[in-house]
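**Q** Encoded as structure tokens, here's the structure I'll be asking about.
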Amino acid sequence: MNCIYHSDREATVMCNEQPLCFECAKAQNREKMIEAIIKLTLITIPIIAAMCLFFKDKINSNSFAVLELAFVVGGIPFGWMALSKLTPDIFILPLLGWIIYFIVKFFISLFIGVFILVFKMGKNIYIIVKSIKFNR
Ligand SMILES: [Zn+2]
């Protein structure tokens, strides 16, 4: 089988069920690695922001507790996004219903967000490590 981009080259790797030559595989691998680095950077921004916020007034506090808190708070947007995917876009509630809805959603985000955050970090670190090994 030949590379889908180079009909004159023998494919050495299957990538997403597409035969690729070594050079194309390397290029695609590099793209994936850059994407993973960008994602990982974006993921860490809320954590760093939360850490700055907590460290500011608790200079002498336990740094592990601050880190833990930063992960939980940093995870909120990820929990929120995951819940938004599950809930319908439009539904009609009275004002009080909306307030309760947002409070409940916030607390569920607080619980599940940290797990999603750690999972996403792990996934992107795994992609980066794998790409580095591949490119060596
Ligand atoms: Zn190729």
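How things are named: the first chain in the structure tokens is A, the next is B, and so on; residues count from 1 in each chain; ligands count from 1 in the order shown.
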Identify, counting only C-alpha atoms and all ligand atoms, the protein, DNA and RNA residues located within 8 Å of ligand 1, and give them as a list in words.
**A**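 Based on only C-alpha atoms and all ligand atoms, ligand 1 is surrounded within 8 Å by Cys3, Ile4, Tyr5, His6, Ser7, Arg9, Ala11, Leu20, Cys21, Phe22, Glu23, Cys24 and Ala25 of chain A.
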**Q** Restrict the selected residues to all heavy atoms and save them as a compact mmCIF listing (two decimals), in the first residue's frame.
**A**
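Output file again.txt follows:
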```txt
# COMPACT_ATOMS: atom_id res chain seq x y z
N CYS A 3 1.43 5.61 0.31
CA CYS A 3 1.01 6.77 1.09
C CYS A 3 -0.12 7.51 0.37
O CYS A 3 -0.09 7.64 -0.85
CB CYS A 3 2.22 7.69 1.26
SG CYS A 3 1.82 9.26 2.02
N ILE A 4 -1.12 7.97 1.11
CA ILE A 4 -2.24 8.66 0.44
C ILE A 4 -1.83 10.01 -0.12
O ILE A 4 -2.49 10.55 -1.00
CB ILE A 4 -3.49 8.81 1.35
CG1 ILE A 4 -3.16 9.52 2.66
CG2 ILE A 4 -4.18 7.50 1.61
CD1 ILE A 4 -4.40 10.12 3.30
N TYR A 5 -0.75 10.59 0.39
CA TYR A 5 -0.29 11.88 -0.13
C TYR A 5 0.82 11.73 -1.17
O TYR A 5 1.02 12.60 -1.98
CB TYR A 5 0.20 12.77 1.01
CG TYR A 5 -0.88 13.04 2.04
CD1 TYR A 5 -0.80 12.50 3.31
CD2 TYR A 5 -1.99 13.83 1.70
CE1 TYR A 5 -1.80 12.73 4.24
CE2 TYR A 5 -2.99 14.06 2.62
CZ TYR A 5 -2.89 13.52 3.89
OH TYR A 5 -3.88 13.74 4.81
N HIS A 6 1.55 10.62 -1.10
CA HIS A 6 2.63 10.37 -2.06
C HIS A 6 2.39 9.00 -2.69
O HIS A 6 2.73 7.99 -2.08
CB HIS A 6 3.99 10.38 -1.38
CG HIS A 6 4.28 11.67 -0.67
ND1 HIS A 6 4.07 11.82 0.68
CD2 HIS A 6 4.77 12.84 -1.13
CE1 HIS A 6 4.41 13.06 1.03
NE2 HIS A 6 4.83 13.70 -0.04
N SER A 7 1.82 9.01 -3.90
CA SER A 7 1.47 7.73 -4.53
C SER A 7 2.70 6.91 -4.92
O SER A 7 2.60 5.73 -5.20
CB SER A 7 0.58 7.97 -5.75
OG SER A 7 1.20 8.93 -6.59
N ARG A 9 5.34 6.53 -2.90
CA ARG A 9 6.05 6.04 -1.71
C ARG A 9 5.28 4.94 -0.99
O ARG A 9 4.06 5.02 -0.86
CB ARG A 9 6.29 7.19 -0.72
CG ARG A 9 7.34 8.16 -1.18
CD ARG A 9 7.62 9.13 -0.08
NE ARG A 9 8.17 10.38 -0.62
CZ ARG A 9 8.22 11.51 0.05
NH1 ARG A 9 7.73 11.57 1.27
NH2 ARG A 9 8.75 12.59 -0.49
N ALA A 11 3.76 3.05 2.04
CA ALA A 11 3.27 3.46 3.37
C ALA A 11 3.92 2.59 4.43
O ALA A 11 4.03 1.38 4.27
CB ALA A 11 1.76 3.33 3.42
N LEU A 20 0.25 5.98 5.49
CA LEU A 20 1.13 7.15 5.37
C LEU A 20 2.59 6.70 5.25
O LEU A 20 2.99 5.71 5.86
CB LEU A 20 1.01 8.05 6.59
CG LEU A 20 -0.31 8.76 6.85
CD1 LEU A 20 -0.25 9.51 8.17
CD2 LEU A 20 -0.66 9.71 5.71
N CYS A 21 3.36 7.48 4.49
CA CYS A 21 4.79 7.22 4.45
C CYS A 21 5.41 7.78 5.73
O CYS A 21 4.75 8.52 6.46
CB CYS A 21 5.43 7.84 3.22
SG CYS A 21 5.50 9.64 3.25
N PHE A 22 6.66 7.45 5.96
CA PHE A 22 7.28 7.84 7.23
C PHE A 22 7.30 9.36 7.39
O PHE A 22 7.02 9.89 8.48
CB PHE A 22 8.70 7.28 7.30
CG PHE A 22 9.32 7.45 8.65
CD1 PHE A 22 8.77 6.81 9.76
CD2 PHE A 22 10.43 8.26 8.82
CE1 PHE A 22 9.33 6.97 11.01
CE2 PHE A 22 11.00 8.42 10.07
CZ PHE A 22 10.45 7.78 11.16
N GLU A 23 7.57 10.06 6.32
CA GLU A 23 7.65 11.53 6.38
C GLU A 23 6.29 12.16 6.73
O GLU A 23 6.22 13.07 7.57
CB GLU A 23 8.11 12.08 5.03
CG GLU A 23 9.39 12.87 5.12
CD GLU A 23 9.94 13.12 3.75
OE1 GLU A 23 9.44 14.06 3.11
OE2 GLU A 23 10.82 12.36 3.33
N CYS A 24 5.23 11.68 6.08
CA CYS A 24 3.89 12.20 6.36
C CYS A 24 3.47 11.87 7.79
O CYS A 24 2.83 12.68 8.46
CB CYS A 24 2.87 11.62 5.39
SG CYS A 24 3.00 12.34 3.75
N ALA A 25 3.83 10.68 8.21
CA ALA A 25 3.49 10.27 9.58
C ALA A 25 4.17 11.19 10.58
O ALA A 25 3.58 11.62 11.56
CB ALA A 25 3.92 8.83 9.81
```
**Q** Show me, as a VMD selection string, the residues that have an atom within 12 Å of Leu42 in chain A when counting only C-alpha atoms, minus same-chain residues fewer than 6 positions from it.
**A** chain A and resid 35 to 36 48 to 49 74 to 75 77 to 78 117 120 to 121 124
**Q** Let me see the file: selected residues, N, CA and C atoms, as a CSV table (one decimal), in the first residue's frame.
**A**
```csv
chain,number,residue,atom,x,y,z
A,35,GLU,N,-0.8,20.5,18.8
A,35,GLU,CA,-2.2,20.6,19.2
A,35,GLU,C,-2.3,20.3,20.7
A,36,ALA,N,-1.6,19.2,21.1
A,36,ALA,CA,-1.6,18.7,22.5
A,36,ALA,C,-1.0,19.7,23.4
A,48,ILE,N,-3.6,27.9,37.1
A,48,ILE,CA,-2.6,28.9,37.5
A,48,ILE,C,-3.3,30.2,38.0
A,49,ALA,N,-4.3,30.5,37.3
A,49,ALA,CA,-5.1,31.7,37.8
A,49,ALA,C,-5.7,31.5,39.2
A,74,GLY,N,-10.1,25.3,39.1
A,74,GLY,CA,-9.7,25.2,37.7
A,74,GLY,C,-10.5,24.3,36.9
A,75,GLY,N,-11.1,23.3,37.6
A,75,GLY,CA,-11.9,22.3,36.9
A,75,GLY,C,-13.3,22.7,36.6
A,77,PRO,N,-14.7,25.2,34.9
A,77,PRO,CA,-15.2,25.4,33.5
A,77,PRO,C,-15.3,24.1,32.7
A,78,PHE,N,-14.5,23.1,33.0
A,78,PHE,CA,-14.5,21.8,32.3
A,78,PHE,C,-15.8,21.0,32.7
A,117,LEU,N,-10.6,17.5,34.3
A,117,LEU,CA,-9.4,18.3,34.1
A,117,LEU,C,-8.1,17.4,34.2
A,120,LYS,N,-8.0,15.2,31.1
A,120,LYS,CA,-7.6,15.9,29.9
A,120,LYS,C,-6.1,16.2,29.9
A,121,MET,N,-5.6,16.6,31.1
A,121,MET,CA,-4.1,16.8,31.2
A,121,MET,C,-3.3,15.5,30.9
A,124,ASN,N,-3.3,14.7,27.2
A,124,ASN,CA,-2.5,15.5,26.4
A,124,ASN,C,-1.0,15.3,26.7
```
**Q** May I have the residues within 12 Å of Ile92 in chain A as JSON, numbers by chain, using only C-alpha atoms and disregarding those fewer than 5 positions away in the same chain?
**A** {"A": [97, 98, 101]}
**Q** Using DSSP secondary structure from the backbone, list all strand (DSSP E) positions within range 13-135 of chain A, as a list in words.
**A**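 Restricting range 13-135 of chain A to strand (DSSP E) produces Val13, Met14, Cys15, Gln18, Pro19 and Leu20 of chain A.
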**Q** Per DSSP on the backbone, filter chain A down to the residues in helix (DSSP H, G or I) and report them as a VMD selection string.
**A** chain A and resid 22 to 57 63 to 86 95 to 135
**Q** Restricted to C-alpha atoms, what would the selected residues look like written as an mmCIF file, in the first residue's frame?
**A**
```cif
data_model
loop_
_atom_site.group_PDB
_atom_site.id
_atom_site.type_symbol
_atom_site.label_atom_id
_atom_site.label_comp_id
_atom_site.auth_asym_id
_atom_site.auth_seq_id
_atom_site.Cartn_x
_atom_site.Cartn_y
_atom_site.Cartn_z
ATOM 1 C CA PHE A 22 7.285 7.843 7.231
ATOM 2 C CA GLU A 23 7.646 11.532 6.385
ATOM 3 C CA CYS A 24 3.889 12.202 6.357
ATOM 4 C CA ALA A 25 3.492 10.273 9.583
ATOM 5 C CA LYS A 26 6.184 12.414 11.145
ATOM 6 C CA ALA A 27 4.519 15.636 9.934
ATOM 7 C CA GLN A 28 1.128 14.524 11.226
ATOM 8 C CA ASN A 29 2.707 13.498 14.491
ATOM 9 C CA ARG A 30 4.259 16.938 14.882
ATOM 10 C CA GLU A 31 0.854 18.560 14.244
ATOM 11 C CA LYS A 32 -0.748 16.390 16.916
ATOM 12 C CA MET A 33 2.009 17.238 19.370
ATOM 13 C CA ILE A 34 1.605 20.997 18.822
ATOM 14 C CA GLU A 35 -2.157 20.635 19.244
ATOM 15 C CA ALA A 36 -1.636 18.722 22.499
ATOM 16 C CA ILE A 37 0.811 21.359 23.802
ATOM 17 C CA ILE A 38 -1.693 24.153 23.043
ATOM 18 C CA LYS A 39 -4.504 22.228 24.725
ATOM 19 C CA LEU A 40 -2.362 21.491 27.769
ATOM 20 C CA THR A 41 -1.422 25.174 28.044
ATOM 21 C CA LEU A 42 -5.075 26.236 27.838
ATOM 22 C CA ILE A 43 -6.021 23.641 30.457
ATOM 23 C CA THR A 44 -3.408 24.919 32.905
ATOM 24 C CA ILE A 45 -4.431 28.595 32.623
ATOM 25 C CA PRO A 46 -7.455 28.288 34.974
ATOM 26 C CA ILE A 47 -5.342 26.317 37.484
ATOM 27 C CA ILE A 48 -2.563 28.912 37.488
ATOM 28 C CA ALA A 49 -5.110 31.719 37.752
ATOM 29 C CA ALA A 50 -6.766 30.011 40.714
ATOM 30 C CA MET A 51 -3.387 29.373 42.352
ATOM 31 C CA CYS A 52 -2.388 33.038 42.055
ATOM 32 C CA LEU A 53 -5.704 34.001 43.606
ATOM 33 C CA PHE A 54 -5.297 31.681 46.601
ATOM 34 C CA PHE A 55 -1.591 32.150 47.166
ATOM 35 C CA LYS A 56 -2.037 35.893 47.326
ATOM 36 C CA ASP A 57 -3.743 35.956 50.731
ATOM 37 C CA SER A 63 0.935 24.686 49.421
ATOM 38 C CA PHE A 64 -0.530 21.256 48.735
ATOM 39 C CA ALA A 65 -3.955 22.418 49.913
ATOM 40 C CA VAL A 66 -3.668 25.485 47.666
ATOM 41 C CA LEU A 67 -2.756 23.279 44.713
ATOM 42 C CA GLU A 68 -5.683 20.974 45.451
ATOM 43 C CA LEU A 69 -8.048 23.923 45.662
ATOM 44 C CA ALA A 70 -6.625 25.356 42.441
ATOM 45 C CA PHE A 71 -7.346 22.076 40.631
ATOM 46 C CA VAL A 72 -10.911 21.976 41.921
ATOM 47 C CA VAL A 73 -11.582 25.608 40.968
ATOM 48 C CA GLY A 74 -9.684 25.249 37.676
ATOM 49 C CA GLY A 75 -11.862 22.252 36.869
ATOM 50 C CA ILE A 76 -15.148 24.177 37.122
ATOM 51 C CA PRO A 77 -15.159 25.369 33.481
ATOM 52 C CA PHE A 78 -14.520 21.797 32.293
ATOM 53 C CA GLY A 79 -17.302 20.377 34.446
ATOM 54 C CA TRP A 80 -19.576 23.174 33.283
ATOM 55 C CA MET A 81 -18.813 22.486 29.604
ATOM 56 C CA ALA A 82 -19.368 18.754 30.071
ATOM 57 C CA LEU A 83 -22.750 19.410 31.700
ATOM 58 C CA SER A 84 -23.710 21.874 28.959
ATOM 59 C CA LYS A 85 -23.202 19.092 26.420
ATOM 60 C CA LEU A 86 -25.597 16.864 28.334
ATOM 61 C CA LEU A 95 -36.439 32.849 37.193
ATOM 62 C CA LEU A 96 -36.145 30.930 40.454
ATOM 63 C CA GLY A 97 -35.787 27.748 38.442
ATOM 64 C CA TRP A 98 -32.862 29.274 36.550
ATOM 65 C CA ILE A 99 -31.150 30.352 39.757
ATOM 66 C CA ILE A 100 -31.511 26.848 41.228
ATOM 67 C CA TYR A 101 -30.401 25.344 37.916
ATOM 68 C CA PHE A 102 -27.193 27.408 37.854
ATOM 69 C CA ILE A 103 -26.396 26.736 41.504
ATOM 70 C CA VAL A 104 -26.892 22.985 41.059
ATOM 71 C CA LYS A 105 -24.885 23.040 37.826
ATOM 72 C CA PHE A 106 -22.082 24.953 39.556
ATOM 73 C CA PHE A 107 -21.799 22.409 42.369
ATOM 74 C CA ILE A 108 -21.896 19.423 40.018
ATOM 75 C CA SER A 109 -19.189 21.179 37.953
ATOM 76 C CA LEU A 110 -17.146 21.567 41.121
ATOM 77 C CA PHE A 111 -17.317 17.806 41.702
ATOM 78 C CA ILE A 112 -16.803 16.415 38.215
ATOM 79 C CA GLY A 113 -14.609 19.210 36.803
ATOM 80 C CA VAL A 114 -11.449 18.184 38.611
ATOM 81 C CA PHE A 115 -11.681 14.635 37.231
ATOM 82 C CA ILE A 116 -12.235 15.870 33.676
ATOM 83 C CA LEU A 117 -9.354 18.311 34.116
ATOM 84 C CA VAL A 118 -6.921 15.642 35.324
ATOM 85 C CA PHE A 119 -8.077 13.261 32.585
ATOM 86 C CA LYS A 120 -7.563 15.903 29.876
ATOM 87 C CA MET A 121 -4.135 16.813 31.238
ATOM 88 C CA GLY A 122 -3.114 13.169 31.315
ATOM 89 C CA LYS A 123 -4.384 12.552 27.796
ATOM 90 C CA ASN A 124 -2.456 15.501 26.354
ATOM 91 C CA ILE A 125 0.730 14.665 28.266
ATOM 92 C CA TYR A 126 0.434 11.108 26.921
ATOM 93 C CA ILE A 127 0.121 12.412 23.324
ATOM 94 C CA ILE A 128 3.148 14.704 23.799
ATOM 95 C CA VAL A 129 5.309 11.942 25.324
ATOM 96 C CA LYS A 130 4.302 9.509 22.580
ATOM 97 C CA SER A 131 5.117 12.096 19.885
ATOM 98 C CA ILE A 132 8.535 12.815 21.378
ATOM 99 C CA LYS A 133 9.323 9.100 21.416
ATOM 100 C CA PHE A 134 8.134 8.747 17.819
ATOM 101 C CA ASN A 135 10.229 11.644 16.570
#
```
